[in-house]
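Notes follow the structure.
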Amino acid sequence: MTQTLSRGLAVNMTAGELAALVGGTLRGDAAFKVETLTTLEEAGPRDLSFLGNPKYAQAAMASKAGVLLLPPMAAGAPGLCQNRILVEDPQWAYAQVLIAIEARKPKAAAGVSPKAAVDASAQLGSGVSVGAFTVIEAGARVGEGCEIYPQVYIGRDVVIGKGCKIYPGVVIRENCVIGDRVILQPGVVIGGDGYGFSPDKKTGQLRKIPQLGNVVVCDDVEIQSNTCIDRGALGATTIGAGTKIDNLVQIGHNVQVGRNCLLVSQVGIAGSCVLGDHVVLGGQVGLAGHLKVGDLVQVGAQSGLMADVEPKKVLFGSPARPHREAFKLQALYGRLPELFDSVKQIKKKLGITDPEA
Amino acid sequence: MTQTLSRGLAVNMTAGELAALVGGTLRGDAAFKVETLTTLEEAGPRDLSFLGNPKYAQAAMASKAGVLLLPPMAAGAPGLCQNRILVEDPQWAYAQVLIAIEARKPKAAAGVSPKAAVDASAQLGSGVSVGAFTVIEAGARVGEGCEIYPQVYIGRDVVIGKGCKIYPGVVIRENCVIGDRVILQPGVVIGGDGYGFSPDKKTGQLRKIPQLGNVVVCDDVEIQSNTCIDRGALGATTIGAGTKIDNLVQIGHNVQVGRNCLLVSQVGIAGSCVLGDHVVLGGQVGLAGHLKVGDLVQVGAQSGLMADVEPKKVLFGSPARPHREAFKLQALYGRLPELFDSVKQIKKKLGITDPEA
Amino acid sequence: MTQTLSRGLAVNMTAGELAALVGGTLRGDAAFKVETLTTLEEAGPRDLSFLGNPKYAQAAMASKAGVLLLPPMAAGAPGLCQNRILVEDPQWAYAQVLIAIEARKPKAAAGVSPKAAVDASAQLGSGVSVGAFTVIEAGARVGEGCEIYPQVYIGRDVVIGKGCKIYPGVVIRENCVIGDRVILQPGVVIGGDGYGFSPDKKTGQLRKIPQLGNVVVCDDVEIQSNTCIDRGALGATTIGAGTKIDNLVQIGHNVQVGRNCLLVSQVGIAGSCVLGDHVVLGGQVGLAGHLKVGDLVQVGAQSGLMADVEPKKVLFGSPARPHREAFKLQALYGRLPELFDSVKQIKKKLGITDPEA
C-alpha cells in the first residue's frame with residue numbers, strides 16, 4: 001500500500017494569533033509563523049506542540065517545536081523552545097487549536113438528500129442536513145442545525161434536539177428522546193429492546209416481556225461506536241447531561257446514568273442500575289443489576305460490582321473492593337508461594353504432619 | 001432539552017377486563033377503571049402495577065396503585081390497594097398486559113418499500129413488509145408475516161421462517177437459516193466469517209481459511225443489539241430454539257448453543273463449544289474453545305470457563321469453580337492480610353528468620 | 001422451521017486432482033472420486049476430511065472418509081482410510097481445498113449499483129463492484145478489484161487499496177486509509193472519534209477534544225464483525241500488515257498494532273498502546289493506555305495488562321503475570337482453605353489466641 005500518513009495538522013497561524021485564540025500569554029515572537037500541530041517528539045522548528053501531561057515535561061523541554069503550549073510554571077524552564085504560550089490548562093488550549101482547525105473542514109450542506117426517506121409527518125428544524133439512505137419515520141422531530149449522516153435510522157416519534165451529530169449506521173428506535181448537542185458515533189443503537197423474559201416454570205420456555213419504555217439521552221452526551229443502550233421495559237433508560245460513553249458499551253434497560261460520567265469501552269451495566277454524577281467506570285467493568293452507585297465513584301478497569309457503592313469511593317477488583325485494599329490483596333496474592341513455604345517449614349519444625357501424608 | 005418522559009403506559013381497561021386478560025381472580029371492583037401501567041413507587045390511585053419479585057413485597061403493600069397484580073398468597077396481606085388481581089405468575093400477567101398494549105401500536109404496512117432492493121429471484125411470503133433501503137439478495141426466501149425494517153441486509157440464499165422481526169442495520173450473510181418468530185435487534189450480524197487462520201511456519205504470515213459454513217438460528221430465538229454470530233468454517237453454527245441472546249455477545253464459528261439458554265450481554269464463546277439446554281451465562285462470561293457445557297449449567301458474571309462442565313453445575317470465577325467453593329475462596333482471599341500476620345507472629349515465636357532477613 | 005443444513009461442501013474432484021491442488025503425495029487411488037468435504041466424524045466413503053490438529057489423530061484413523069489429508073508421519077498408520085494425501089501442513093491443505101470451492105461461488109458483478117450514491121469526485125479502480133445503498137463520499141479512492149457490498153459508508157477522502165472486500169454495514173469515516181486485500185466484516189467501524197475529553201476543573205464538565213487524526217489499516221489485514229478502531233486524536237491509529245482482528249474488539253485512538261498479530265474477540269486496547277509483531281491477545285483481554293508490548297508476546301484470555309511487556313513473554317491473569325507464575329498462584333489460591341486450616345492448627349498448638357477471640 002501507499003502510505004498516506006500526513007505529519008500533523010495544518011495550523012497556519014502566528015504565535016500571537018495562537019496566544020489570543022487560547023487566551024494565553026506569549027513569551028517570544030508574536031509574528032512567528034506556525035505551520036503544523038504535532039506531537040512533542042515529531043515537532044520541528046515550524047511546528048506547534050503542547051505539554052498536556054506533566055509526566056512529559058522532559059520531552060517538552062527537549063522538543064524542537066517552534067512554539068509550545070505550556071503551564072505558567074514552565075515559563076522559565078530550561079529548554080529549546082523560544083516561543084512559549086503560557087496557559088493554565090495546556091490540554092484545553094491544544095483542544096481549542098483543534099477546534100479552530102476543525103471549523104475549517106467542509107460541512108455537510110444543509111438540506112435533505114433526495115436519496116433519503118423522510119416521512120411527510122416528520123419535522124425537521126432549520127439548517128438540518130440529512131444524508132442519503134437515511135430513514136426518518138412518521139412523527140419524528142429533528143431540531144435545528146442537526147447533522148444527520150447517511151444510512152441513519154430514526155424511528156417513529158423520536159425527538160432529537162438541536163445541533164446533534166449522528167453518524168452513519170446509527171439506529172434510534174421509536175419514541176426515544178435525544179437532547180441538544182448530542183453526538184452519536186457510527187453503529188450506536190439507541191432503544192433496542194431490553195433483555196426481559198419470563199420463564200414458564202412448567203416448560204422452561206422463555207417468554208418475551210415487551211419492552212415498551214424508551215431511552216432519554218440528555219444534552220451534551222456523546223456515545224461512541226457500536227455502543228448499545230436498551231429501552232426501558234416500562235419508563236425510560238436515561239443518560240444524564242454531559243456524560244461520555246466509549247465504544248462497545250452495554251447499558252441495560254431502565255438504567256439511570258448521572259451527569260458528566262465517563263464510561264470507558266466495553267463496560268456493561270445490567271438493568272435498573274442507578275449511577276450518580278461524575279462516576280468513572282474503567283474499561284470492561286461490569287455491574288450487576290439494580291445497583292446504586294454514588295456520585296464521584298471511580299472503578300478500575302475489569303472490575304466487577306456486585307453491591308451498592310457510597311459516593312466518592314474508589315474501587316478495584318472483581319468483586320470490587322476499596323482500591324488500597326484491592327492492591328494490598330493483589331500484592332499478598334503474589335506472595336502466596338512464600339506463605340505456603342513458611343507454613344510448611346513451621347509444620348516441619350513443630351512435627352505436624354498432614355493427615356494424608 | 002425538553003424532557004418528554006411519559007409516566008407509565010396507557011392501559012384504559014377495567015379491573016375486571018384486566019383480570020380476564022391475565023386469567024386471574026379479582027378481589028375488588030370489577031368496574032374500576034385503570035388508566036396507566038407503571039412501577040410500584042410511581043403508581044397513583046388510577047394506576048396498575050405488579051409484584052414481579054417477592055423482595056419488593058413491602059413496596060407492593062405500600063403502593064398507592066389502584067390495582068395490583070399479586071400472587072395468591074398476597075390476597076389478604078395488609079396494604080393500601082383495594083383491587084387485587086391474584087395470579088400464579090404476576091410477572092407474566094404484567095407481560096400479558098404489555099402484550100395487549102403493544103398490540104395496539106401501529107404496525108408496518110405489509111408490502112415492499114419501493115426504496116428497497118429486492119432481487120427478482122427472492123421469494124417473499126404473504127404479509128411480509130420490507131422497509132426502505134433494505135437489500136434482499138438473489139435466492140433468498142422470507143416467510144409469511146415477517147416484518148423486515150429499513151436498512152436490513154439479507155444475503156444470497158438466506159432462508160427466513162414465518163413471523164420474524166428484523167430491525168434496522170441487521171446483516172444476515174449468504175446461506176444462513178433463520179427459524180420462525182425470530183427477533184433480531186438492530187445491528188446484529190449473522191454469518192460473519194469465523195476467526196480461522198493458518199499460520200505459515202516459515203514466514204509467520206496468517207493465511208485465511210475460508211469460512212464456508214453457515215449459521216442456523218432456530219425458532220423463537222431473540223438476538224439483541226450488535227451481537228455477532230459467526231458462520232461455521234465447515235457446517236453450521238447453531239442457536240437452539242427459544243434461546244435469548246443479549247447485546248454485544250460473541251458466538252464463534254461452529255458453536256452449538258442449546259435450547260432456551262440465556263446468554264447475557266458481552267458473553268464471548270470461542271469456536272466449537274457445545275452448550276446444552278437451559279444454560280445461563282452471566283454478563284461478560286468467556287468460554288475457551290471446544291468446551292462442552294451440560295444442560296442447566298449456570299455461570300456467574302465475568303467468569304471464565306476453561307474446561308468442560310457437567311450438567312446442572314453452578315459455577316463462578318475465572319477460572320470458574322463450583323460457586324460455593326468460589327465464594328469461600330473469595331472470602332479467604334479477603335482475609336489474606338490476617339493470615340500473613342498470623343504466620344509472621346508464629347515465625348517470631350518460633351525464632352524462624354527469613355533467609356533474606 | 002425446516003432444517004436446511006447441508007452436510008459438508010461439494011468438492012467433486014478426484015483424489016489425484018486434490019493431491020495436485022494441495023501439493024501433496026497421494027497414497028491410494030488417483031481416480032477415486034470425492035463428493036464432499038466434511039469433518040472426520042461425519043465423513044462417509046465418498047468424502048474428504050483432514051487431520052488439522054494432532055490431538056484428533058485417533059478420530060482420523062477411525063474416520064470412514066474416502067480420502068484424508070494427513071501429515072507424512074501418518075502415511076502408514078493403521079486406519080480405515082485407503083486414500084491418503086500426505087502434506088506437511090494438512091490444515092493449510094484443507095484451506096486450499098476450501099479456497100478452490102470458494103472460487104466457484106458467484107461473485108458480485110463489477111460495476112456500481114444504480115442504487116448506490118457515489119460522489120462524482122470519487123475515483124474507482126477497474127473491476128470495482130459497489131452495492132445498493134452504499135455511499136462513497138467526495139474525494140474517496142477505491143482501488144481496482146474491490147468488492148464493496150451494499151450499505152457500506154466510505155467517507156470523504158478515504159483511500160482504499162486493491163482487492164479489498166467490504167461487507168454490509170461497514171462505516172469508514174473521513175480520511176482513513178485502507179491497504180490492499182483488506183477484509184472488513186459486517187458492522188466494522190473504522191475512524192470513529194477517539195475517547196478524548198478535557199475536564200473543566202471548575203465545573204466538572206467534560207469538553208470534547210476534536211479527534212482529527214485517522215486510521216491506517218495496512219495490507220492483508222482482516223477485521224471482523226462490529227469491531228471498532230478509533231481515529232487518532234492527532235496522527236494515526238495503525239494496524240500492521242497481516243494482522244487479524246476478531247469480532248467486537250475495541251482499539252483506542254493512536255494505538256499502533258504491529259504485523260501478523262492475532263487479537264481475539266472482545267479484546268480492548270486503550271489509547272496510545274504500541275504492540276509489536278506477532279502479538280497474540282486472547283479473548284476479552286484488556287490493555288491499559290500507553291503500554292508497550294514487545295514482539296511475539298502472548299496473553300491468555302481475560303487477562304489485564306497494566307504494565308509494559310518485554311518481547312516473547314507469555315502472560316496470564318489480571319493483572320497479568322508470567323503464565324507459569326500465574327498458574328502456580330491460581331493453584332495455591334485453590335488451596336487457601338487448607339492453608340487457613342494449617343495456620344489455625346499451628347496457632348492452637350502454640351497457644352496463640354487471636355486478639356478478638
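Every chain in the C-alpha cells has a letter given in the order shown (A, B, ...), and although residue numbers restart at 1 in each chain, ligands are simply numbered from 1 in the order shown.
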
Counting only C-alpha atoms, which residues in chain A sit no more than 8 Å from chain B? For each one, give the nearest pair of atoms and the distance in Å, sorted by chain then residue number, as a tab-separated table.
```
residue	atom	partner	partner_atom	distance
A:Ala117	CA	B:Ala132	CA	7.2
A:Phe133	CA	B:Phe133	CA	6.4
A:Val135	CA	B:Ala132	CA	7.4
A:Gln151	CA	B:Gln151	CA	7.5
A:Tyr153	CA	B:Pro168	CA	7.0
A:Gly161	CA	B:Met1	CA	6.5
A:Gly169	CA	B:Gly169	CA	6.8
A:Val171	CA	B:Pro168	CA	6.8
A:Val177	CA	B:Thr4	CA	7.3
A:Gly179	CA	B:Met1	CA	5.1
A:Asp180	CA	B:Met1	CA	6.0
A:Gly187	CA	B:Gly187	CA	7.2
A:Val189	CA	B:Pro186	CA	6.6
A:Gly192	CA	B:Gln185	CA	6.1
A:Asp193	CA	B:Gln185	CA	7.2
A:Tyr195	CA	B:Asp246	CA	6.2
A:Ser198	CA	B:Trp92	CA	6.1
A:Gly204	CA	B:Asn260	CA	7.1
A:Gln205	CA	B:Asn260	CA	6.1
A:Leu206	CA	B:Asn260	CA	6.4
A:Lys208	CA	B:Ala95	CA	7.8
A:Ile209	CA	B:Ala95	CA	5.0
A:Pro210	CA	B:Leu98	CA	5.9
A:Leu212	CA	B:Glu102	CA	7.4
A:Val216	CA	B:Leu5	CA	7.7
A:Cys218	CA	B:Met1	CA	6.9
A:Asp219	CA	B:Met1	CA	6.3
A:Asn226	CA	B:Asn226	CA	6.9
A:Cys228	CA	B:Ser225	CA	6.6
A:Leu234	CA	B:Gly8	CA	6.4
A:Gly235	CA	B:Gly8	CA	5.9
A:Ala236	CA	B:Leu5	CA	7.2
A:Leu248	CA	B:Leu248	CA	7.3
A:Gln250	CA	B:Asn247	CA	6.9
A:Gly268	CA	B:Ser265	CA	7.3
A:Gly286	CA	B:Gln284	CA	7.4
A:Ala288	CA	B:Ala301	CA	7.9
A:Gly304	CA	B:Gln302	CA	7.4
A:Leu329	CA	B:Leu336	CA	6.9
A:Leu332	CA	B:Leu336	CA	6.9
A:Tyr333	CA	B:Leu336	CA	7.8
A:Leu339	CA	B:Phe340	CA	7.2
A:Ser342	CA	B:Val343	CA	7.5
A:Val343	CA	B:Val343	CA	7.2
A:Ile346	CA	B:Lys347	CA	7.4
```

Can you list, as a list of chain:residue names, every residue of region 22-270 of chain B that DSSP puts in helix (DSSP H, G or I)?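 Result set for region 22-270 of chain B (helix (DSSP H, G or I)): B:Val22, B:Pro54, B:Lys55, B:Tyr56, B:Ala57, B:Gln58, B:Ala59, B:Ala60, B:Met61, B:Ala62, B:Pro72, B:Met73, B:Ala74, B:Pro90, B:Gln91, B:Trp92, B:Ala93, B:Tyr94, B:Ala95, B:Gln96, B:Val97, B:Leu98, B:Ile99, B:Ala100, B:Ile101, B:Glu102, B:Ala103.
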
Contacts of region 309-312 of chain C within 7 Å, only C-alpha atoms, excl. fewer than 3 positions in-chain, as a PyMOL selection string: chain C and resi 292-297

The selected residues should be written to file as a PDB file, in the first residue's frame (atoms: all heavy atoms).
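Everything below was put into result_8.pdb:
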```
ATOM      1  N   LYS C 292       3.584  -0.521  26.149  1.00  0.00           N
ATOM      2  CA  LYS C 292       4.397  -1.069  25.059  1.00  0.00           C
ATOM      3  C   LYS C 292       4.463  -2.576  25.226  1.00  0.00           C
ATOM      4  O   LYS C 292       4.855  -3.075  26.279  1.00  0.00           O
ATOM      5  CB  LYS C 292       5.802  -0.478  25.108  1.00  0.00           C
ATOM      6  CG  LYS C 292       5.873   0.947  24.597  1.00  0.00           C
ATOM      7  CD  LYS C 292       7.296   1.422  24.432  1.00  0.00           C
ATOM      8  CE  LYS C 292       7.348   2.849  23.870  1.00  0.00           C
ATOM      9  NZ  LYS C 292       6.112   3.646  23.958  1.00  0.00           N
ATOM     10  N   VAL C 293       4.086  -3.302  24.188  1.00  0.00           N
ATOM     11  CA  VAL C 293       4.045  -4.761  24.235  1.00  0.00           C
ATOM     12  C   VAL C 293       4.970  -5.258  23.132  1.00  0.00           C
ATOM     13  O   VAL C 293       4.779  -4.933  21.960  1.00  0.00           O
ATOM     14  CB  VAL C 293       2.602  -5.273  24.020  1.00  0.00           C
ATOM     15  CG1 VAL C 293       2.562  -6.784  23.967  1.00  0.00           C
ATOM     16  CG2 VAL C 293       1.677  -4.737  25.112  1.00  0.00           C
ATOM     17  N   GLY C 294       5.985  -6.054  23.522  1.00  0.00           N
ATOM     18  CA  GLY C 294       7.010  -6.470  22.565  1.00  0.00           C
ATOM     19  C   GLY C 294       6.540  -7.509  21.565  1.00  0.00           C
ATOM     20  O   GLY C 294       5.455  -8.078  21.683  1.00  0.00           O
ATOM     21  N   ASP C 295       7.402  -7.791  20.591  1.00  0.00           N
ATOM     22  CA  ASP C 295       7.122  -8.802  19.575  1.00  0.00           C
ATOM     23  C   ASP C 295       6.859 -10.154  20.223  1.00  0.00           C
ATOM     24  O   ASP C 295       7.477 -10.508  21.234  1.00  0.00           O
ATOM     25  CB  ASP C 295       8.326  -8.967  18.639  1.00  0.00           C
ATOM     26  CG  ASP C 295       8.581  -7.738  17.774  1.00  0.00           C
ATOM     27  OD1 ASP C 295       7.702  -6.863  17.678  1.00  0.00           O
ATOM     28  OD2 ASP C 295       9.699  -7.667  17.212  1.00  0.00           O
ATOM     29  N   LEU C 296       5.972 -10.915  19.610  1.00  0.00           N
ATOM     30  CA  LEU C 296       5.763 -12.319  19.967  1.00  0.00           C
ATOM     31  C   LEU C 296       5.210 -12.539  21.370  1.00  0.00           C
ATOM     32  O   LEU C 296       5.209 -13.653  21.885  1.00  0.00           O
ATOM     33  CB  LEU C 296       7.080 -13.110  19.804  1.00  0.00           C
ATOM     34  CG  LEU C 296       7.557 -13.224  18.355  1.00  0.00           C
ATOM     35  CD1 LEU C 296       9.049 -13.492  18.287  1.00  0.00           C
ATOM     36  CD2 LEU C 296       6.794 -14.333  17.640  1.00  0.00           C
ATOM     37  N   VAL C 297       4.724 -11.488  21.993  1.00  0.00           N
ATOM     38  CA  VAL C 297       4.084 -11.643  23.305  1.00  0.00           C
ATOM     39  C   VAL C 297       2.752 -12.373  23.135  1.00  0.00           C
ATOM     40  O   VAL C 297       2.040 -12.149  22.160  1.00  0.00           O
ATOM     41  CB  VAL C 297       3.873 -10.266  23.971  1.00  0.00           C
ATOM     42  CG1 VAL C 297       2.914 -10.344  25.158  1.00  0.00           C
ATOM     43  CG2 VAL C 297       5.220  -9.689  24.393  1.00  0.00           C
TER      44      VAL C 297
END
```

Output as a PyMOL selection string all residues of region 206-291 of chain A that backbone DSSP marks as strand (DSSP E). chain A and resi 206-208+214-217+222-223+228-230+236-239+244-245+250-251+256-257+262-263+268-269+274-275+280-281+286-287

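The space separating CA of Val188 (chain B) from CA of Ile160 (chain C) comes to 25.6 Å.
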
Interatomic distance (Å, one decimal) between CA of Val34 (chain A) and CA of Ser49 (chain A): 10.1 Å

Distance criterion (only C-alpha atoms): nearest to Ala108 (chain A) out of A:Val87, A:Pro72, A:Ile166, A:Gly28: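 Comparing A:Val87, A:Pro72, A:Ile166, A:Gly28 against Ala108 (chain A), the winner is A:Ile166.
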
Asn214 (chain A) environment, 6 Å, only C-alpha atoms, sequence neighbours closer than 4 positions dropped, as a PyMOL selection string: chain A and resi 176+231-232+236
